>>> print(open('final.txt').read())   # compact mmCIF, C-alpha atoms
# COMPACT_ATOMS: atom_id res chain seq x y z
CA MET I 1 15.41 114.63 -23.05
CA LYS I 2 13.22 111.59 -22.40
CA LYS I 3 11.07 113.67 -20.05
CA THR I 4 10.59 116.37 -22.74
CA LEU I 5 9.67 113.75 -25.33
CA LEU I 6 7.14 112.26 -22.92
CA VAL I 7 5.56 115.70 -22.41
CA TYR I 8 5.25 116.18 -26.18
CA ILE I 9 3.62 112.77 -26.57
CA LEU I 10 1.14 113.54 -23.81
CA LEU I 11 0.28 116.92 -25.33
CA ILE I 12 -0.22 115.44 -28.80
CA SER I 13 -2.36 112.63 -27.36
CA ALA I 14 -4.47 115.11 -25.40
CA PHE I 15 -5.01 117.24 -28.53
CA ALA I 16 -5.98 114.19 -30.59
CA LEU I 17 -8.49 113.13 -27.94
CA TYR I 18 -9.94 116.67 -27.93
CA VAL I 19 -10.37 116.66 -31.70
CA LEU I 20 -12.01 113.23 -31.67
CA ARG I 21 -14.33 114.25 -28.85
CA TYR I 22 -15.29 117.49 -30.67
CA GLU I 23 -16.07 115.65 -33.88
CA TYR I 24 -18.13 113.04 -32.04
CA SER I 25 -20.02 115.75 -30.17
CA SER I 26 -20.70 117.68 -33.39
CA GLU I 27 -21.95 114.54 -35.11
CA ALA I 28 -24.17 113.65 -32.19
CA ASN I 29 -25.67 117.15 -32.19
CA GLY I 30 -26.39 116.99 -35.92
CA SER I 31 -24.01 119.82 -36.81
CA TRP I 32 -24.22 120.67 -40.53
CA GLU I 33 -20.61 121.85 -40.36
CA ALA I 34 -19.51 118.40 -39.24
CA LYS I 35 -21.51 116.15 -41.53
CA GLY I 36 -22.39 118.43 -44.42
CA LEU I 37 -25.92 118.94 -45.73
CA ARG I 38 -27.07 115.39 -45.06
CA GLY I 39 -30.24 114.06 -43.55
CA ASP I 40 -31.11 110.63 -42.24
CA ILE I 41 -32.21 107.55 -44.14
CA GLY I 42 -35.21 107.47 -41.81
CA GLU I 43 -36.48 110.75 -43.27
CA THR I 44 -39.05 110.02 -45.96
CA TYR I 45 -40.19 112.54 -48.57
CA ILE I 46 -43.11 111.69 -50.86
CA MET I 47 -43.80 112.88 -54.41
CA ILE I 48 -47.45 112.71 -55.51
CA THR I 49 -48.71 113.17 -59.08
CA PHE I 50 -51.68 112.07 -61.18
CA GLN I 51 -51.93 109.80 -64.25
CA SER I 52 -48.91 108.06 -62.76
CA GLY I 53 -48.20 106.03 -65.89
CA LEU I 54 -47.27 109.10 -67.94
CA GLU I 55 -43.74 109.12 -69.31
CA TYR I 56 -43.60 112.81 -68.40
CA TRP I 57 -43.11 112.08 -64.68
CA LYS I 58 -39.93 110.03 -65.20
CA SER I 59 -37.64 113.05 -65.43
CA VAL I 60 -39.34 114.81 -62.50
CA LEU I 61 -38.95 111.71 -60.34
CA LYS I 62 -35.31 111.36 -61.41
CA GLY I 63 -34.63 114.86 -60.11
CA PHE I 64 -36.41 114.02 -56.83
CA GLU I 65 -34.38 110.82 -56.47
CA ASP I 66 -31.10 112.56 -57.31
CA ALA I 67 -31.77 115.11 -54.57
CA GLY I 68 -32.59 112.26 -52.19
CA ASP I 69 -29.24 110.63 -52.97
CA ALA I 70 -27.41 113.92 -52.46
CA LEU I 71 -29.09 114.53 -49.10
CA GLY I 72 -29.02 110.94 -47.83
CA VAL I 73 -32.80 110.66 -47.33
CA THR I 74 -35.52 108.28 -48.51
CA VAL I 75 -37.91 109.23 -51.30
CA GLU I 76 -41.14 107.60 -52.46
CA TYR I 77 -43.41 108.13 -55.45
CA ARG I 78 -47.20 107.91 -55.38
CA GLY I 79 -49.70 108.91 -58.04
CA ALA I 80 -53.34 108.75 -58.93
CA THR I 81 -53.68 106.23 -61.75
CA ARG I 82 -56.38 108.27 -63.49
CA TYR I 83 -57.18 111.90 -64.06
CA ASP I 84 -59.28 111.92 -60.90
CA PRO I 85 -59.09 114.61 -58.16
CA LYS I 86 -60.83 112.33 -55.64
CA GLU I 87 -58.24 109.59 -56.15
CA GLN I 88 -55.39 112.05 -55.73
CA THR I 89 -57.00 113.46 -52.58
CA THR I 90 -57.15 109.94 -51.13
CA ILE I 91 -53.47 109.38 -51.91
CA ILE I 92 -52.51 112.64 -50.19
CA GLU I 93 -54.62 111.66 -47.15
CA GLN I 94 -52.75 108.35 -46.99
CA ALA I 95 -49.41 110.18 -47.20
CA ILE I 96 -50.39 112.54 -44.36
CA ALA I 97 -51.24 109.56 -42.14
CA ARG I 98 -47.66 108.32 -42.52
CA LYS I 99 -46.25 111.64 -41.20
CA PRO I 100 -43.45 112.04 -43.77
CA ALA I 101 -40.78 114.72 -43.57
CA GLY I 102 -42.34 116.51 -46.55
CA ILE I 103 -44.66 116.11 -49.53
CA ALA I 104 -44.26 117.44 -53.10
CA ILE I 105 -47.53 117.53 -55.06
CA SER I 106 -48.50 118.19 -58.67
CA ALA I 107 -52.10 119.32 -58.21
CA ILE I 108 -54.61 117.77 -60.59
CA ASP I 109 -57.17 120.45 -59.66
CA PRO I 110 -56.34 123.88 -58.22
CA GLN I 111 -59.48 124.09 -56.06
CA SER I 112 -60.58 120.65 -54.86
CA LEU I 113 -57.15 119.81 -53.42
CA ILE I 114 -56.89 122.94 -51.25
CA PRO I 115 -58.39 121.34 -48.09
CA VAL I 116 -56.13 118.29 -48.14
CA ILE I 117 -53.00 120.35 -48.93
CA ASN I 118 -53.79 122.63 -45.99
CA LYS I 119 -54.49 119.58 -43.82
CA ALA I 120 -50.92 118.38 -44.40
CA LEU I 121 -49.56 121.76 -43.34
CA ASP I 122 -51.78 121.77 -40.24
CA ALA I 123 -50.23 118.40 -39.37
CA GLY I 124 -46.78 120.01 -39.45
CA ILE I 125 -45.77 118.47 -42.78
CA PRO I 126 -44.05 120.84 -45.25
CA VAL I 127 -45.70 120.89 -48.69
CA VAL I 128 -44.45 122.34 -51.97
CA LEU I 129 -46.23 122.15 -55.32
CA PHE I 130 -44.59 121.49 -58.67
CA ASP I 131 -45.67 121.43 -62.32
CA ALA I 132 -49.36 122.14 -61.57
CA ASP I 133 -50.20 124.73 -58.92
CA ALA I 134 -53.01 125.22 -56.41
CA PRO I 135 -52.35 128.92 -55.78
CA ASP I 136 -55.03 129.43 -53.13
CA SER I 137 -53.61 126.69 -50.90
CA ARG I 138 -51.07 127.37 -48.14
CA ALA I 139 -48.32 125.30 -49.79
CA TYR I 140 -44.98 127.02 -49.29
CA SER I 141 -43.78 127.21 -52.90
CA PHE I 142 -44.60 126.38 -56.49
CA LEU I 143 -41.77 125.12 -58.69
CA GLY I 144 -42.57 124.81 -62.35
CA THR I 145 -42.92 126.37 -65.74
CA ASP I 146 -44.11 129.93 -66.15
CA ASN I 147 -47.03 128.53 -68.11
CA TYR I 148 -48.36 131.85 -69.35
CA GLN I 149 -44.95 132.70 -70.82
CA ALA I 150 -44.74 129.19 -72.31
CA GLY I 151 -48.00 129.97 -74.14
CA VAL I 152 -46.48 133.22 -75.37
CA THR I 153 -43.46 131.30 -76.70
CA ALA I 154 -45.74 128.80 -78.45
CA ALA I 155 -47.69 131.63 -80.09
CA ASP I 156 -44.53 133.31 -81.34
CA LYS I 157 -43.31 130.01 -82.79
CA MET I 158 -46.68 129.38 -84.45
CA ALA I 159 -46.61 132.86 -85.99
CA GLU I 160 -43.11 132.17 -87.31
CA LEU I 161 -44.25 128.90 -88.88
CA LEU I 162 -47.34 130.44 -90.51
CA GLY I 163 -45.71 133.65 -91.75
CA ARG I 164 -47.69 135.69 -89.18
CA GLU I 165 -51.11 135.03 -90.71
CA GLY I 166 -53.86 132.41 -90.68
CA GLU I 167 -56.32 130.57 -88.45
CA VAL I 168 -55.17 128.55 -85.46
CA ALA I 169 -56.84 126.48 -82.73
CA VAL I 170 -55.98 125.19 -79.25
CA LEU I 171 -56.51 121.75 -77.73
CA THR I 172 -56.21 121.93 -73.95
CA MET I 173 -57.48 120.63 -70.60
CA PRO I 174 -59.92 123.15 -69.10
CA GLY I 175 -59.96 123.38 -65.32
CA GLN I 176 -56.29 122.61 -64.81
CA GLN I 177 -54.32 125.70 -63.83
CA ASN I 178 -51.19 125.12 -65.90
CA HIS I 179 -53.10 124.32 -69.10
CA GLU I 180 -55.36 127.33 -68.69
CA GLU I 181 -52.33 129.60 -68.28
CA ARG I 182 -50.69 128.16 -71.43
CA THR I 183 -53.90 128.73 -73.37
CA GLU I 184 -54.25 132.28 -72.06
CA GLY I 185 -50.66 133.17 -72.98
CA PHE I 186 -51.15 131.76 -76.48
CA ARG I 187 -54.47 133.54 -77.10
CA ASP I 188 -53.33 136.88 -75.71
CA THR I 189 -50.18 136.85 -77.82
CA ILE I 190 -51.97 135.96 -81.07
CA ARG I 191 -54.52 138.70 -80.40
CA ASP I 192 -52.03 141.40 -79.37
CA ARG I 193 -49.04 140.74 -81.64
CA TYR I 194 -50.40 139.16 -84.78
CA PRO I 195 -53.43 140.99 -86.23
CA SER I 196 -53.53 138.77 -89.32
CA MET I 197 -53.93 135.65 -87.17
CA LYS I 198 -56.99 134.40 -85.32
CA VAL I 199 -57.67 131.72 -82.70
CA VAL I 200 -60.86 130.22 -84.12
CA GLU I 201 -61.49 127.65 -81.37
CA VAL I 202 -60.26 126.42 -77.99
CA THR I 203 -61.52 122.94 -77.15
CA ASP I 204 -61.00 120.11 -74.66
CA GLY I 205 -58.70 117.28 -75.70
CA HIS I 206 -59.23 115.49 -72.35
CA GLY I 207 -55.53 114.59 -72.23
CA ASP I 208 -56.42 111.62 -74.41
CA ALA I 209 -54.87 110.70 -77.76
CA MET I 210 -58.05 109.26 -79.31
CA LYS I 211 -60.30 112.14 -78.25
CA SER I 212 -57.72 114.70 -79.36
CA ARG I 213 -57.42 112.97 -82.73
CA ASP I 214 -61.19 113.11 -83.20
CA GLU I 215 -61.32 116.77 -82.16
CA ALA I 216 -58.51 117.63 -84.58
CA LEU I 217 -60.28 115.87 -87.47
CA ARG I 218 -63.49 117.72 -86.63
CA MET I 219 -61.74 121.11 -86.54
CA MET I 220 -59.95 120.42 -89.82
CA LYS I 221 -63.37 119.90 -91.45
CA THR I 222 -65.02 122.83 -89.65
CA TYR I 223 -62.21 125.25 -90.51
CA PRO I 224 -60.89 124.34 -93.98
CA GLU I 225 -58.24 127.06 -93.77
CA LEU I 226 -56.97 126.05 -90.33
CA GLY I 227 -53.21 126.54 -90.35
CA GLY I 228 -52.10 125.26 -86.98
CA ILE I 229 -53.06 123.66 -83.67
CA PHE I 230 -51.39 124.30 -80.32
CA VAL I 231 -51.79 121.31 -77.97
CA THR I 232 -51.05 122.11 -74.34
CA GLU I 233 -49.99 118.56 -73.39
CA ALA I 234 -48.14 115.68 -75.01
CA THR I 235 -50.69 112.85 -75.06
CA GLY I 236 -53.19 114.87 -77.07
CA ALA I 237 -50.47 116.05 -79.43
CA ALA I 238 -49.82 112.46 -80.48
CA GLY I 239 -53.51 112.17 -81.35
CA VAL I 240 -53.43 115.39 -83.37
CA GLY I 241 -50.35 114.12 -85.17
CA GLU I 242 -52.20 110.93 -86.05
CA ALA I 243 -55.13 113.01 -87.36
CA VAL I 244 -52.79 114.92 -89.65
CA GLN I 245 -51.14 111.70 -90.85
CA ASN I 246 -54.48 110.02 -91.56
CA GLY I 247 -56.52 113.05 -92.58
CA ASP I 248 -56.51 114.94 -95.81
CA ALA I 249 -56.14 118.60 -95.00
CA GLY I 250 -54.69 119.31 -98.44
CA TYR I 251 -51.97 121.49 -96.94
CA PRO I 252 -49.40 121.21 -94.13
CA LEU I 253 -50.95 121.74 -90.69
CA GLN I 254 -48.50 123.11 -88.13
CA ILE I 255 -48.66 121.40 -84.73
CA ILE I 256 -46.99 122.77 -81.61
CA SER I 257 -46.99 120.40 -78.63
CA PHE I 258 -45.89 120.43 -75.03
CA ASP I 259 -43.31 118.17 -73.36
CA THR I 260 -40.90 115.59 -74.73
CA ASN I 261 -42.23 112.07 -74.55
CA LYS I 262 -40.89 109.68 -77.19
CA ALA I 263 -44.03 109.75 -79.35
CA THR I 264 -43.82 113.54 -79.59
CA LEU I 265 -40.10 113.51 -80.38
CA ASP I 266 -40.58 110.84 -83.05
CA MET I 267 -43.29 112.95 -84.71
CA ILE I 268 -41.02 115.99 -84.66
CA LYS I 269 -38.27 113.94 -86.27
CA SER I 270 -40.67 112.78 -88.99
CA GLY I 271 -41.98 116.31 -89.55
CA THR I 272 -45.55 115.63 -88.35
CA ILE I 273 -45.22 117.88 -85.31
CA SER I 274 -43.43 121.16 -85.96
CA ALA I 275 -42.22 121.93 -82.44
CA THR I 276 -42.78 121.21 -78.76
CA ILE I 277 -42.16 123.17 -75.58
CA ALA I 278 -39.78 121.28 -73.28
CA GLN I 279 -40.07 121.94 -69.56
CA GLY I 280 -37.33 121.84 -66.91
CA THR I 281 -38.80 118.70 -65.38
CA TRP I 282 -35.64 117.45 -63.62
CA ASN I 283 -35.32 120.85 -61.94
CA MET I 284 -38.88 120.55 -60.62
CA GLY I 285 -38.13 117.28 -58.85
CA TYR I 286 -34.65 118.13 -57.61
CA TRP I 287 -35.47 121.51 -56.13
CA SER I 288 -38.80 120.38 -54.70
CA LEU I 289 -36.94 117.94 -52.46
CA GLN I 290 -34.23 120.47 -51.62
CA TYR I 291 -36.92 122.92 -50.50
CA LEU I 292 -38.73 120.30 -48.42
CA PHE I 293 -35.46 119.25 -46.78
CA HIS I 294 -34.61 122.83 -45.83
CA LEU I 295 -38.11 123.38 -44.43
CA HIS I 296 -38.05 120.14 -42.44
CA HIS I 297 -34.70 121.03 -40.87
CA GLN I 298 -35.67 124.69 -40.39
CA LEU I 299 -32.76 125.84 -42.53
CA THR I 300 -35.01 128.34 -44.32
CA VAL I 301 -38.38 129.97 -43.81
CA PRO I 302 -41.32 130.76 -46.10
CA ALA I 303 -41.21 134.14 -47.85
CA PRO I 304 -43.89 135.83 -45.66
CA SER I 305 -41.48 135.39 -42.73
CA SER I 306 -38.67 137.23 -44.51
CA SER I 307 -37.71 139.13 -41.35
CA ASP I 308 -36.27 135.86 -40.05
CA GLU I 309 -32.48 135.59 -40.10
CA ASN I 310 -32.69 132.56 -42.40
CA ALA I 311 -33.02 133.12 -46.14
CA PRO I 312 -36.73 133.07 -47.13
CA LEU I 313 -38.04 130.38 -49.44
CA PRO I 314 -39.26 131.78 -52.79
CA VAL I 315 -43.00 131.50 -53.39
CA ARG I 316 -42.60 130.79 -57.12
CA VAL I 317 -39.67 129.37 -59.05
CA ASP I 318 -39.61 129.26 -62.86
CA THR I 319 -37.86 126.03 -63.82
CA GLY I 320 -37.48 127.08 -67.47
CA ILE I 321 -38.49 125.98 -70.98
CA SER I 322 -36.88 125.42 -74.37
CA VAL I 323 -38.26 124.99 -77.89
CA VAL I 324 -37.61 121.61 -79.53
CA THR I 325 -37.64 121.39 -83.34
CA ARG I 326 -36.31 118.99 -85.94
CA SER I 327 -32.91 120.69 -85.72
CA ASN I 328 -32.33 119.83 -82.06
CA VAL I 329 -34.74 116.95 -81.35
CA ASP I 330 -31.97 114.36 -80.94
CA ASP I 331 -30.77 116.19 -77.81
CA TYR I 332 -34.04 115.46 -76.01
CA TYR I 333 -34.29 111.69 -76.30
CA ALA I 334 -33.75 109.88 -72.98
CA LYS I 335 -30.15 108.83 -72.67
>>> encode(input="final.txt", output="structure tokens")
Amino acid sequence: MKKTLLVYILLISAFALYVLRYEYSSEANGSWEAKGLRGDIGETYIMITFQSGLEYWKSVLKGFEDAGDALGVTVEYRGATRYDPKEQTTIIEQAIARKPAGIAISAIDPQSLIPVINKALDAGIPVVLFDADAPDSRAYSFLGTDNYQAGVTAADKMAELLGREGEVAVLTMPGQQNHEERTEGFRDTIRDRYPSMKVVEVTDGHGDAMKSRDEALRMMKTYPELGGIFVTEATGAAGVGEAVQNGDAGYPLQIISFDTNKATLDMIKSGTISATIAQGTWNMGYWSLQYLFHLHHQLTVPAPSSSDENAPLPVRVDTGISVVTRSNVDDYYAK
């Protein structure tokens, strides 16, 4: 009996040692089955934007950081302080020199950044773009709003507000891919769906509240029957709102903005701005890091290599929009 018990103890001990050795071996070999989808704190992923002081980036960065926490990796944020392609290029060059595990970029200019984006890829660093695309670069994916469709949505909302007739204008940022797509979607929709409406002018607001305010005041004088202005970014919308508050149009001017900074939300709540298009900013940051992580660890492949046994990485991902009005504005304030 004692001999049988001793045999059982030896067998159980041997099995326990086998299990411990297997788990140690799996951990040492970096097995995803053993440790889950986790990286290493030494892996650094960098997010790069422009106009880094904008409130808009907070939600995007929060998504990036949340993904970093989920994956157990290090994340950093860098951004050009101004609206300056040369400054952003320099920041990307500095990031490349550090050899990070991946870089997520919101491209200030779709053309001038192509060489430096491709340089990162040539250095073996995965790159994805978010929010603002550089479609002719070799970046693996773009994660962001379908900006043309967002312009369509803004046009439909403007038509609803104006009873499907009247003159409208657009304040935008020429030369930036996402703003041009929003403008195009808005103009095409007004032209094709609403024959009693007309886009009388598209002008540059420079992404600046003061300049946008001055442009809005000028257009209100130039077009006395102007019924609405679509502003393709939030900073300029605040300036247009101020123009309406301080000007004397003699009738309500409908303003449709983009994004959900506090100034915009406050003006919606007061009735100065009629609506704004909210983007899925957290999704942009979160999934940008998830994509970079999968590329770095060769858990997926870019779409052109779809014959590979791994699931291909999508080239474009629509992170979604919603329309914010006075009826639902409270849901969009930062909690």
>>> atom_distance(input="final.txt", atom1="CA of Val127 in chain I", atom2="CA of Ile321 in chain I")
24.0 Å
>>> closest_residue(input="final.txt", among="I:Asn246, I:Ser322, I:Gly285, I:Val231", to="Thr49 in chain I", atoms="all atoms listed in the file")
I:Gly285
>>> residues_around(input="final.txt", residues="Gly185 in chain I", least_positions_apart="5", cutoff="8 Å", atoms="only C-alpha atoms", output="list in words")
Asn147, Tyr148, Gln149, Ala150, Gly151, Val152 and Ala155 of chain I
>>> write_last_selection(input="final.txt", atoms="C-alpha atoms", output="compact mmCIF listing (two decimals), keeping the file's coordinate frame")
# COMPACT_ATOMS: atom_id res chain seq x y z
CA ASN I 147 -47.03 128.53 -68.11
CA TYR I 148 -48.36 131.85 -69.35
CA GLN I 149 -44.95 132.70 -70.82
CA ALA I 150 -44.74 129.19 -72.31
CA GLY I 151 -48.00 129.97 -74.14
CA VAL I 152 -46.48 133.22 -75.37
CA ALA I 155 -47.69 131.63 -80.09
>>> atom_distance(input="final.txt", atom1="CA of Arg182 in chain I", atom2="CA of Ile256 in chain I")
12.1 Å
>>> atom_distance(input="final.txt", atom1="CA of Thr153 in chain I", atom2="CA of Pro85 in chain I")
29.4 Å
>>> closest_residue(input="final.txt", among="I:Lys119, I:Lys335, I:Arg98, I:Arg213", to="Thr44 in chain I", atoms="all atoms listed in the file")
I:Arg98
>>> residues_around(input="final.txt", residues="Phe230 in chain I", least_positions_apart="2", cutoff="12 Å", atoms="all atoms listed in the file", output="PyMOL selection string")
chain I and resi 150-159+167-172+179+182-187+190+199-205+212+216+226-228+232-234+236-238+240-241+253-258+273-277
>>> closest_residue(input="final.txt", among="I:Gly42, I:Pro252, I:Gly166, I:Pro135", to="Glu225 in chain I", atoms="all atoms listed in the file")
I:Gly166
>>> residues_around(input="final.txt", residues="Gln51 in chain I", least_positions_apart="3", cutoff="8 Å", atoms="all atoms listed in the file", output="list in words")
Leu54, Gly79, Ala80, Thr81, Arg82 and Tyr83 of chain I
>>> closest_residue(input="final.txt", among="I:Met173, I:Ala95, I:Leu292, I:Val315", to="Tyr77 in chain I", atoms="only C-alpha atoms")
I:Ala95
>>> residues_near_point(input="final.txt", point="(-48.7, 118.8, -42.5)", cutoff="12 Å", atoms="all atoms listed in the file", output="ChimeraX atom specification")
/I:92-93,95-104,115-128,138-140,292,295-296
>>> closest_residue(input="final.txt", among="I:Val244, I:Ile229, I:Ala107, I:Ala209", to="Gln177 in chain I", atoms="all atoms listed in the file")
I:Ala107
>>> closest_residue(input="final.txt", among="I:Asn261, I:Asn283, I:Thr235, I:Thr325", to="Leu161 in chain I", atoms="only C-alpha atoms")
I:Thr325
>>> residues_near_point(input="final.txt", point="(-32.1, 114.9, -46.9)", cutoff="8 Å", atoms="all atoms listed in the file", output="list in words")
Leu37, Arg38, Gly39, Asp40, Ile41, Glu43, Ala67, Gly68, Asp69, Ala70, Leu71, Gly72, Val73, Thr74, Leu289, Gln290 and Phe293 of chain I
>>> axis_aligned_box(input="final.txt", around="range 288-300 of chain I", padding_each_side="8 Å", output="JSON")
{"center_x": -35.8, "center_y": 123.1, "center_z": -47.5, "size_x": 22.0, "size_y": 26.4, "size_z": 30.3}
>>> residues_around(input="final.txt", residues="range 326-329 of chain I", least_positions_apart="6", cutoff="12 Å", atoms="all atoms listed in the file", output="list in words")
Asp259, Thr260, Asn261, Lys262, Ala263, Thr264, Leu265, Asp266, Met267, Ile268, Lys269, Ser270, Gly271, Thr272, Ile273, Ser274, Ala275, Thr276, Ile277 and Ala278 of chain I
>>> write_last_selection(input="final.txt", atoms="C-alpha atoms", output="PDB file, keeping the file's coordinate frame")
ATOM      1  CA  ASP I 259     -43.310 118.170 -73.360  1.00  0.00           C
ATOM      2  CA  THR I 260     -40.900 115.590 -74.730  1.00  0.00           C
ATOM      3  CA  ASN I 261     -42.230 112.070 -74.550  1.00  0.00           C
ATOM      4  CA  LYS I 262     -40.890 109.680 -77.190  1.00  0.00           C
ATOM      5  CA  ALA I 263     -44.030 109.750 -79.350  1.00  0.00           C
ATOM      6  CA  THR I 264     -43.820 113.540 -79.590  1.00  0.00           C
ATOM      7  CA  LEU I 265     -40.100 113.510 -80.380  1.00  0.00           C
ATOM      8  CA  ASP I 266     -40.580 110.840 -83.050  1.00  0.00           C
ATOM      9  CA  MET I 267     -43.290 112.950 -84.710  1.00  0.00           C
ATOM     10  CA  ILE I 268     -41.020 115.990 -84.660  1.00  0.00           C
ATOM     11  CA  LYS I 269     -38.270 113.940 -86.270  1.00  0.00           C
ATOM     12  CA  SER I 270     -40.670 112.780 -88.990  1.00  0.00           C
ATOM     13  CA  GLY I 271     -41.980 116.310 -89.550  1.00  0.00           C
ATOM     14  CA  THR I 272     -45.550 115.630 -88.350  1.00  0.00           C
ATOM     15  CA  ILE I 273     -45.220 117.880 -85.310  1.00  0.00           C
ATOM     16  CA  SER I 274     -43.430 121.160 -85.960  1.00  0.00           C
ATOM     17  CA  ALA I 275     -42.220 121.930 -82.440  1.00  0.00           C
ATOM     18  CA  THR I 276     -42.780 121.210 -78.760  1.00  0.00           C
ATOM     19  CA  ILE I 277     -42.160 123.170 -75.580  1.00  0.00           C
ATOM     20  CA  ALA I 278     -39.780 121.280 -73.280  1.00  0.00           C
TER      21      ALA I 278
END
